[in-house]
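Below is input.cif, holding mmCIF, C-alpha atoms.
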data_final
loop_
_atom_site.label_atom_id
_atom_site.label_comp_id
_atom_site.auth_asym_id
_atom_site.auth_seq_id
_atom_site.Cartn_x
_atom_site.Cartn_y
_atom_site.Cartn_z
CA MET O 176 46.07 12.80 -34.62
CA ILE O 177 42.94 14.54 -35.91
CA LEU O 178 41.19 12.71 -38.75
CA ARG O 179 41.69 14.45 -42.10
CA GLN O 180 41.10 13.89 -45.79
CA PHE O 181 43.46 14.54 -48.68
CA ASN O 182 42.67 17.06 -51.37
CA GLN O 183 43.62 16.31 -54.97
CA LYS O 184 47.19 17.42 -54.37
CA GLY O 185 47.49 14.99 -51.47
CA ILE O 186 45.89 12.17 -53.46
CA ASP O 187 48.31 12.73 -56.34
CA ALA O 188 51.29 12.79 -53.98
CA PHE O 189 50.33 9.43 -52.46
CA VAL O 190 49.64 7.84 -55.84
CA ASN O 191 53.08 8.97 -57.00
CA TYR O 192 54.68 7.57 -53.84
CA ARG O 193 53.01 4.20 -54.28
CA SER O 194 54.12 4.06 -57.94
CA GLY O 195 57.66 4.96 -56.88
CA LEU O 196 57.84 1.91 -54.61
CA LEU O 197 58.06 -0.21 -57.74
CA VAL O 198 61.46 1.37 -58.39
CA THR O 199 62.66 2.32 -54.90
CA PRO O 200 60.94 -0.05 -52.42
CA GLU O 201 63.00 1.32 -49.54
CA SER O 202 61.39 4.78 -49.78
CA PRO O 203 59.72 5.77 -46.48
CA PRO O 204 56.06 6.81 -46.59
CA PRO O 205 55.59 10.60 -46.80
CA VAL O 206 53.84 10.89 -43.43
CA GLU O 207 54.67 14.60 -43.31
CA LEU O 208 51.77 15.10 -45.72
CA LEU O 209 49.21 13.89 -43.19
CA GLU O 210 48.89 17.18 -41.33
CA ASN O 211 50.07 19.52 -44.06
CA PRO O 212 47.19 21.93 -44.85
CA ALA O 213 48.43 22.21 -48.44
CA PHE O 214 47.61 18.52 -48.95
CA SER O 215 44.78 17.76 -46.52
CA GLU O 216 41.99 19.27 -44.47
CA ILE O 217 40.41 18.43 -41.12
CA ILE O 218 37.10 16.58 -41.17
CA HIS O 219 34.39 18.06 -38.94
CA PRO O 220 33.33 17.28 -36.34
CA GLU O 221 36.94 16.83 -35.28
CA THR O 222 37.69 13.19 -34.50
CA SER O 223 40.85 11.66 -33.08
CA VAL O 224 42.35 8.67 -34.89
CA GLU O 225 44.93 6.44 -33.20
CA ASN O 226 47.69 4.42 -34.80
CA ILE O 227 46.51 1.20 -33.17
CA ILE O 228 48.19 -2.09 -34.08
CA PHE O 229 45.35 -4.26 -35.38
CA GLU O 230 45.50 -8.04 -35.13
CA THR O 231 42.80 -8.78 -37.68
CA ARG O 232 40.77 -7.18 -40.45
CA LEU O 233 37.75 -7.44 -38.16
CA ASP O 234 39.50 -5.26 -35.57
CA VAL O 235 40.29 -2.51 -38.08
CA GLY O 236 36.78 -2.68 -39.55
CA LYS O 237 35.20 -2.15 -36.13
CA TYR O 238 37.55 0.69 -35.26
CA LEU O 239 37.06 2.53 -38.54
CA TYR O 240 33.29 2.17 -38.24
CA LYS O 241 33.46 3.77 -34.81
CA ILE O 242 35.49 6.80 -35.83
CA ILE O 243 34.05 7.32 -39.34
CA VAL O 244 30.36 6.61 -38.79
CA GLU O 245 29.71 7.04 -35.08
CA GLN O 246 32.10 9.91 -34.29
CA ALA O 247 32.92 11.84 -37.47
CA LYS O 248 29.48 11.06 -38.93
CA ILE O 249 30.81 11.16 -42.49
CA PHE O 250 28.07 10.91 -45.10
CA GLN O 251 28.72 8.15 -47.66
CA PRO O 252 32.35 7.55 -46.63
CA GLU O 253 32.61 4.81 -49.25
CA LYS O 254 32.71 7.60 -51.87
CA ASN O 255 35.34 9.72 -50.12
CA LEU O 256 38.58 9.00 -51.95
CA GLY O 257 40.57 11.62 -50.03
CA LEU O 258 39.59 10.06 -46.70
CA TRP O 259 40.73 6.57 -47.66
CA ILE O 260 43.99 7.72 -49.21
CA TRP O 261 44.73 9.67 -46.03
CA LEU O 262 43.94 6.69 -43.80
CA THR O 263 46.04 4.43 -46.03
CA LEU O 264 49.07 6.66 -45.50
CA PHE O 265 48.32 6.94 -41.78
CA TYR O 266 48.34 3.13 -41.40
CA PHE O 267 50.87 2.48 -44.14
CA ASP O 268 53.37 0.59 -42.00
CA GLN O 269 50.66 -1.96 -41.21
CA LEU O 270 49.23 -2.11 -44.71
CA CYS O 271 52.56 -2.37 -46.50
CA PRO O 272 55.13 -3.28 -43.85
CA PRO O 273 58.86 -3.13 -44.63
CA ASP O 274 60.94 -6.29 -44.59
CA ASN O 275 64.18 -6.77 -42.65
CA GLN O 276 66.01 -4.68 -45.22
CA GLY O 277 63.53 -1.83 -45.00
CA LYS O 278 62.00 -2.60 -48.38
CA ARG O 279 58.27 -2.71 -49.01
CA LYS O 280 56.82 -5.31 -51.34
CA PRO O 281 54.78 -3.67 -54.10
CA MET O 282 51.22 -4.93 -54.09
CA HIS O 283 48.26 -4.59 -56.42
CA GLU O 284 47.10 -1.00 -56.82
CA ALA O 285 43.62 -1.85 -55.52
CA ARG O 286 45.06 -2.80 -52.11
CA LEU O 287 46.31 0.71 -51.38
CA ILE O 288 44.45 3.08 -53.71
CA PHE O 289 40.69 3.05 -53.36
CA HIS O 290 38.68 3.07 -56.58
CA PRO O 291 35.11 3.97 -55.52
CA HIS O 292 33.64 3.40 -58.97
CA ASN O 293 35.35 0.10 -59.77
CA PHE O 294 33.22 -2.58 -58.14
CA ARG O 295 35.65 -5.36 -59.08
CA TRP O 296 38.26 -3.63 -56.88
CA PHE O 297 35.87 -2.11 -54.35
CA TYR O 298 36.39 -4.57 -51.48
CA ARG O 299 40.03 -5.31 -52.25
CA HIS O 300 41.25 -2.13 -50.60
CA LEU O 301 42.89 -3.14 -47.33
CA LEU O 302 40.90 -0.64 -45.26
CA VAL O 303 37.71 -0.12 -47.24
CA GLY O 304 36.96 -3.85 -47.44
CA PRO O 305 36.93 -4.47 -43.67
CA PHE O 306 35.12 -1.19 -42.99
CA LEU O 307 32.30 -1.88 -45.41
CA ALA O 308 31.96 -5.50 -44.27
CA VAL O 309 31.51 -4.34 -40.67
CA LYS O 310 29.15 -1.58 -41.81
CA ALA O 311 27.01 -4.09 -43.72
CA HIS O 312 26.94 -6.52 -40.78
CA TYR O 313 27.19 -4.20 -37.81
CA ASP O 314 24.48 -6.08 -35.91
CA ASN O 315 26.83 -9.08 -35.86
CA PRO O 316 30.24 -8.45 -37.50
CA GLU O 317 31.51 -11.86 -36.40
CA ARG O 318 29.33 -13.51 -39.03
CA ALA O 319 31.79 -12.08 -41.55
CA ILE O 320 34.85 -13.60 -39.84
CA ALA O 321 35.63 -15.70 -42.92
CA PHE O 322 36.23 -12.41 -44.72
CA LEU O 323 37.88 -10.60 -41.81
CA SER O 324 39.96 -13.03 -39.75
CA ASN O 325 43.33 -12.52 -41.44
CA PRO O 326 45.98 -9.87 -40.68
CA LEU O 327 45.46 -6.44 -42.16
CA HIS O 328 48.04 -6.74 -44.95
CA LYS O 329 47.21 -10.36 -45.84
CA PRO O 330 43.49 -10.70 -46.64
CA GLY O 331 43.96 -14.28 -47.83
CA GLU O 332 42.49 -16.32 -50.65
CA ILE O 333 39.08 -16.75 -49.04
CA ALA O 334 38.59 -13.00 -48.64
CA GLU O 335 39.87 -12.52 -52.18
CA GLN O 336 37.24 -14.88 -53.58
CA LEU O 337 34.41 -13.42 -51.51
CA ALA O 338 35.43 -9.85 -52.40
CA SER O 339 34.92 -10.43 -56.10
CA ARG O 340 31.24 -9.45 -55.85
CA LEU O 341 29.59 -6.68 -53.86
CA GLU O 342 26.48 -8.85 -53.34
CA VAL O 343 28.51 -11.52 -51.55
CA VAL O 344 30.17 -9.30 -48.96
CA THR O 345 26.97 -7.42 -48.11
CA ASN O 346 24.83 -10.56 -47.88
CA PRO O 347 24.67 -11.77 -44.24
CA ASN O 348 23.44 -15.22 -45.28
CA ILE O 349 26.37 -15.87 -47.60
CA LEU O 350 29.02 -14.66 -45.17
CA GLU O 351 27.45 -16.67 -42.36
CA LEU O 352 27.56 -19.72 -44.62
CA ALA O 353 31.20 -19.12 -45.58
CA THR O 354 32.16 -18.71 -41.93
CA LYS O 355 30.33 -21.92 -40.97
CA LEU O 356 31.92 -23.91 -43.79
CA TYR O 357 35.49 -22.72 -43.63
CA TYR O 358 36.31 -21.14 -40.29
CA ASN O 359 37.07 -23.18 -37.18
CA GLU O 360 36.08 -20.95 -34.28
CA THR O 361 37.74 -23.20 -31.70
CA LYS O 362 41.12 -23.20 -33.44
CA LYS O 363 40.75 -19.64 -34.79
CA THR O 364 41.85 -20.78 -38.21
CA PHE O 365 40.47 -21.92 -41.55
CA GLU O 366 39.72 -25.54 -42.36
CA ARG O 367 42.36 -27.30 -44.39
CA GLY O 368 41.80 -26.85 -48.11
CA ALA O 369 39.35 -23.97 -47.75
CA ALA O 370 41.61 -21.58 -49.64
CA SER O 371 42.74 -24.06 -52.31
CA ASP O 372 41.37 -25.06 -55.71
CA ILE O 373 39.83 -28.31 -54.48
CA LYS O 374 36.15 -29.16 -54.69
CA GLY O 375 34.08 -27.35 -52.09
CA SER O 376 36.65 -24.58 -51.52
CA ALA O 377 35.85 -20.87 -51.25
CA ARG O 378 36.76 -20.43 -54.90
CA ARG O 379 34.13 -23.00 -55.83
CA LEU O 380 31.61 -21.46 -53.44
CA ALA O 381 31.88 -18.12 -55.25
CA LYS O 382 31.22 -19.82 -58.59
CA VAL O 383 28.29 -21.86 -57.29
CA LEU O 384 26.73 -18.77 -55.73
CA ASN O 385 27.03 -16.99 -59.07
CA GLN O 386 24.97 -19.81 -60.56
CA PHE O 387 22.43 -19.72 -57.71
CA ASP O 388 22.01 -15.99 -58.21
CA LEU O 389 20.52 -16.62 -61.64
CA THR O 390 17.66 -18.57 -60.06
CA TRP O 391 17.19 -17.40 -56.47
CA TYR O 392 17.15 -14.16 -54.55
CA LEU O 393 20.10 -14.90 -52.29
CA TYR O 394 19.31 -12.17 -49.76
CA GLY O 395 16.11 -14.07 -49.00
CA ILE O 396 17.66 -17.49 -48.36
CA SER O 397 19.05 -18.31 -44.91
CA ALA O 398 22.56 -19.66 -44.42
CA ASN O 399 21.11 -23.03 -43.41
CA ASP O 400 18.96 -23.24 -46.53
CA LEU O 401 21.89 -22.22 -48.73
CA GLU O 402 23.95 -24.96 -47.15
CA VAL O 403 21.30 -27.54 -48.09
CA LEU O 404 21.34 -26.32 -51.69
CA LEU O 405 25.10 -26.78 -52.08
CA PRO O 406 26.14 -29.76 -54.22
CA SER O 407 27.88 -32.81 -52.80
CA GLU O 408 31.37 -31.45 -53.48
CA PHE O 409 30.95 -29.32 -50.33
CA ASP O 410 30.38 -32.36 -48.09
CA ARG O 411 34.02 -32.39 -46.92
CA PHE O 412 33.41 -29.01 -45.25
CA ARG O 413 29.72 -29.46 -44.52
CA LYS O 414 30.12 -32.71 -42.56
CA ARG O 415 31.71 -30.98 -39.57
CA LEU O 416 28.54 -28.92 -39.15
CA LYS O 417 26.38 -31.96 -38.47
#

Kindly present the structure from the file in structure tokens form.
Amino acid sequence: MILRQFNQKGIDAFVNYRSGLLVTPESPPPVELLENPAFSEIIHPETSVENIIFETRLDVGKYLYKIIVEQAKIFQPEKNLGLWIWLTLFYFDQLCPPDNQGKRKPMHEARLIFHPHNFRWFYRHLLVGPFLAVKAHYDNPERAIAFLSNPLHKPGEIAEQLASRLEVVTNPNILELATKLYYNETKKTFERGAASDIKGSARRLAKVLNQFDLTWYLYGISANDLEVLLPSEFDRFRKRLK
């Protein structure tokens, strides 16, 4: 399919559909709107988009970067609401998959409807978050694996905590640190307790980094130096790095 963007009519139609899922969760997504010229328009230069099944958020981030930035060459795509609503509908079965009864579980509005001016919700969108993380770290997207390793429709608690601040997701040092602390590359999974409320977890890391930000310029501190600055509560995760 050719990449398109919704106009206001298309945006409103999708917003109404998403709201309707709260009442009728078995309603199928209105995919007929995707190519309807009354609701959307083609983005130039014309770019093909494929309904690929993505295993991880990293995979979708890389793919969207390729088609949006490298091929379609969209200027400031992070401000293009119609683009992201269109892509959300295009990949809706992956973002909000139906259960065995054909019903879709309603999720927070920010997951499916992009709010470009709400920075608390900015990275919580299921497509925008991975795309912008890859865009910010395109020289080495794998450093952001702690934010991007989960399935598309299940970002996970660690991504949720890291997504709470724009400065965290765009900071290569912080994401490298989070990946080192919490992600086991050999097992392709997170360390036990990383997503909990225990001392040294990702939730605590976000709070400690908020405190550090009052004193230091975090973009100027390497992941190794940040690790040294962490208090002793992080030793349970830090010890495996020695």

Skipping near chain neighbours, those fewer than 5 positions away, what residues fall within 8 Å of Ile218 in chain O using only C-alpha atoms, listed as a list of chain:residue names?
O:Leu178, O:Arg179, O:Gln180, O:Ala247

Evaluated on this file, the PyMOL selection byres ((chain O and resi 277) around 9) picks out some residues - which ones are they, written as a PyMOL selection string?
chain O and resi 200-203+272-276+278-279

Residue with smallest distance to Asp234 in chain O - pool O:Gln246, O:Asn359, O:Ser397, O:Asn325, counting all atoms listed in the file:
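Smallest distance to Asp234 in chain O is found for O:Asn325.
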
Hey, what comes out of the PyMOL selection byres ((chain O and resi 261) around 9) on this file? Could you write it as a PDB file with C-alpha atoms, in the coordinates of the input?
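As written to disk, expr05.pdb reads:
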ATOM      1  CA  LEU O 178      41.190  12.710 -38.750  1.00  0.00           C
ATOM      2  CA  ARG O 179      41.690  14.450 -42.100  1.00  0.00           C
ATOM      3  CA  GLN O 180      41.100  13.890 -45.790  1.00  0.00           C
ATOM      4  CA  PHE O 181      43.460  14.540 -48.680  1.00  0.00           C
ATOM      5  CA  GLY O 185      47.490  14.990 -51.470  1.00  0.00           C
ATOM      6  CA  ILE O 186      45.890  12.170 -53.460  1.00  0.00           C
ATOM      7  CA  PHE O 189      50.330   9.430 -52.460  1.00  0.00           C
ATOM      8  CA  LEU O 208      51.770  15.100 -45.720  1.00  0.00           C
ATOM      9  CA  LEU O 209      49.210  13.890 -43.190  1.00  0.00           C
ATOM     10  CA  SER O 215      44.780  17.760 -46.520  1.00  0.00           C
ATOM     11  CA  LEU O 256      38.580   9.000 -51.950  1.00  0.00           C
ATOM     12  CA  GLY O 257      40.570  11.620 -50.030  1.00  0.00           C
ATOM     13  CA  LEU O 258      39.590  10.060 -46.700  1.00  0.00           C
ATOM     14  CA  TRP O 259      40.730   6.570 -47.660  1.00  0.00           C
ATOM     15  CA  ILE O 260      43.990   7.720 -49.210  1.00  0.00           C
ATOM     16  CA  LEU O 262      43.940   6.690 -43.800  1.00  0.00           C
ATOM     17  CA  THR O 263      46.040   4.430 -46.030  1.00  0.00           C
ATOM     18  CA  LEU O 264      49.070   6.660 -45.500  1.00  0.00           C
ATOM     19  CA  PHE O 265      48.320   6.940 -41.780  1.00  0.00           C
ATOM     20  CA  TYR O 266      48.340   3.130 -41.400  1.00  0.00           C
TER      21      TYR O 266
END

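Nearest to Pro305 in chain O of all the residues O:Leu233, O:Ile373, O:Val206, O:Leu384 is O:Leu233, based on only C-alpha atoms.
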
Expected residue set, 8 Å radius at (33.3, 16.1, -39.1), only C-alpha atoms, as a PyMOL selection string
chain O and resi 217-222+246-249

Have a look at CA of Ile349 in chain O and CA of Ala311 in chain O and let me know their distance in Å, one decimal.
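Distance between the two atoms: 12.4 Å.
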
Which residue of O:Lys310, O:Leu404, O:Ala319, O:Lys254 approaches Pro291 in chain O most closely, using only C-alpha atoms:
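Checking each candidate against Pro291 in chain O, we get O:Lys254 as the closest.
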
Set the distance at 8 Å and use all atoms listed in the file: which residues neighbour Arg286 in chain O once local chain neighbours fewer than 5 positions away are removed? I'd like the list as an MDAnalysis selection string.
chainID O and resid 299:301

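Closest approach to Leu405 in chain O from the set O:Tyr392, O:Trp296, O:Phe387, O:Tyr313 is made by O:Phe387, with distances taken over all atoms listed in the file.
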
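When all atoms listed in the file are used to measure the gap to Arg193 in chain O, the shortest distance among O:Pro281, O:Phe322, O:Gly236, O:Ile333 belongs to O:Pro281.
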
What is the CA of Asn191 in chain O to CA of Gln269 in chain O distance in Å?
19.4 Å

File contents for range 350-382 of chain O with N, CA and C atoms as a CSV table (one decimal), in the first residue's frame:
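Output (selection17.csv):
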chain,number,residue,atom,x,y,z
O,350,LEU,N,20.1,5.5,28.0
O,350,LEU,CA,19.5,4.3,27.5
O,350,LEU,C,20.6,3.2,27.4
O,351,GLU,N,21.8,3.6,27.2
O,351,GLU,CA,22.9,2.6,27.3
O,351,GLU,C,23.0,2.0,28.7
O,352,LEU,N,22.9,2.9,29.7
O,352,LEU,CA,23.0,2.5,31.1
O,352,LEU,C,21.9,1.6,31.4
O,353,ALA,N,20.6,1.9,31.0
O,353,ALA,CA,19.5,1.1,31.3
O,353,ALA,C,19.6,-0.3,30.7
O,354,THR,N,20.1,-0.3,29.4
O,354,THR,CA,20.3,-1.6,28.7
O,354,THR,C,21.3,-2.4,29.5
O,355,LYS,N,22.4,-1.8,29.9
O,355,LYS,CA,23.5,-2.6,30.6
O,355,LYS,C,22.9,-3.1,31.9
O,356,LEU,N,22.2,-2.3,32.6
O,356,LEU,CA,21.7,-2.7,34.0
O,356,LEU,C,20.6,-3.8,33.9
O,357,TYR,N,19.7,-3.7,33.0
O,357,TYR,CA,18.5,-4.5,33.0
O,357,TYR,C,18.3,-5.5,31.9
O,358,TYR,N,19.0,-5.4,30.9
O,358,TYR,CA,18.8,-6.4,29.8
O,358,TYR,C,19.9,-7.4,29.6
O,359,ASN,N,19.5,-8.6,29.6
O,359,ASN,CA,20.5,-9.7,29.4
O,359,ASN,C,20.6,-10.1,28.0
O,360,GLU,N,21.6,-9.7,27.3
O,360,GLU,CA,21.7,-9.9,25.9
O,360,GLU,C,21.8,-11.4,25.5
O,361,THR,N,22.4,-12.1,26.4
O,361,THR,CA,22.6,-13.6,26.1
O,361,THR,C,21.2,-14.3,26.1
O,362,LYS,N,20.4,-14.0,27.1
O,362,LYS,CA,19.1,-14.6,27.3
O,362,LYS,C,18.0,-13.9,26.5
O,363,LYS,N,18.3,-12.7,26.0
O,363,LYS,CA,17.3,-11.8,25.3
O,363,LYS,C,16.1,-11.6,26.2
O,364,THR,N,16.4,-11.2,27.4
O,364,THR,CA,15.3,-10.9,28.4
O,364,THR,C,15.8,-10.0,29.4
O,365,PHE,N,14.9,-9.4,30.2
O,365,PHE,CA,15.3,-8.5,31.3
O,365,PHE,C,15.7,-9.3,32.5
O,366,GLU,N,16.5,-8.7,33.3
O,366,GLU,CA,16.9,-9.3,34.6
O,366,GLU,C,15.7,-9.3,35.5
O,367,ARG,N,15.7,-10.3,36.4
O,367,ARG,CA,14.6,-10.5,37.3
O,367,ARG,C,14.6,-9.2,38.3
O,368,GLY,N,13.4,-8.7,38.4
O,368,GLY,CA,13.1,-7.6,39.3
O,368,GLY,C,13.3,-6.2,38.6
O,369,ALA,N,13.8,-6.2,37.4
O,369,ALA,CA,14.1,-4.9,36.7
O,369,ALA,C,12.8,-4.1,36.5
O,370,ALA,N,11.7,-4.7,36.3
O,370,ALA,CA,10.4,-4.0,36.1
O,370,ALA,C,9.5,-3.9,37.3
O,371,SER,N,10.1,-4.2,38.5
O,371,SER,CA,9.3,-4.2,39.7
O,371,SER,C,9.5,-2.9,40.5
O,372,ASP,N,9.0,-2.9,41.7
O,372,ASP,CA,9.2,-1.7,42.6
O,372,ASP,C,10.3,-1.8,43.5
O,373,ILE,N,11.2,-2.8,43.4
O,373,ILE,CA,12.3,-3.0,44.3
O,373,ILE,C,13.4,-2.0,44.1
O,374,LYS,N,14.3,-1.9,45.1
O,374,LYS,CA,15.4,-1.0,45.0
O,374,LYS,C,16.2,-1.4,43.7
O,375,GLY,N,16.7,-0.3,43.1
O,375,GLY,CA,17.5,-0.5,41.9
O,375,GLY,C,16.7,-0.8,40.6
O,376,SER,N,15.4,-0.9,40.6
O,376,SER,CA,14.6,-1.2,39.4
O,376,SER,C,14.6,0.0,38.5
O,377,ALA,N,14.0,-0.2,37.3
O,377,ALA,CA,13.9,0.9,36.3
O,377,ALA,C,13.0,2.1,36.9
O,378,ARG,N,12.1,1.8,37.7
O,378,ARG,CA,11.3,2.8,38.3
O,378,ARG,C,12.1,3.7,39.2
O,379,ARG,N,13.0,3.1,39.9
O,379,ARG,CA,13.9,3.8,40.8
O,379,ARG,C,15.0,4.6,40.0
O,380,LEU,N,15.4,4.0,38.9
O,380,LEU,CA,16.4,4.6,38.0
O,380,LEU,C,15.8,6.0,37.5
O,381,ALA,N,14.6,6.0,37.1
O,381,ALA,CA,14.0,7.2,36.5
O,381,ALA,C,13.9,8.3,37.6
O,382,LYS,N,13.7,7.9,38.8
O,382,LYS,CA,13.6,8.9,39.9
O,382,LYS,C,15.0,9.4,40.3
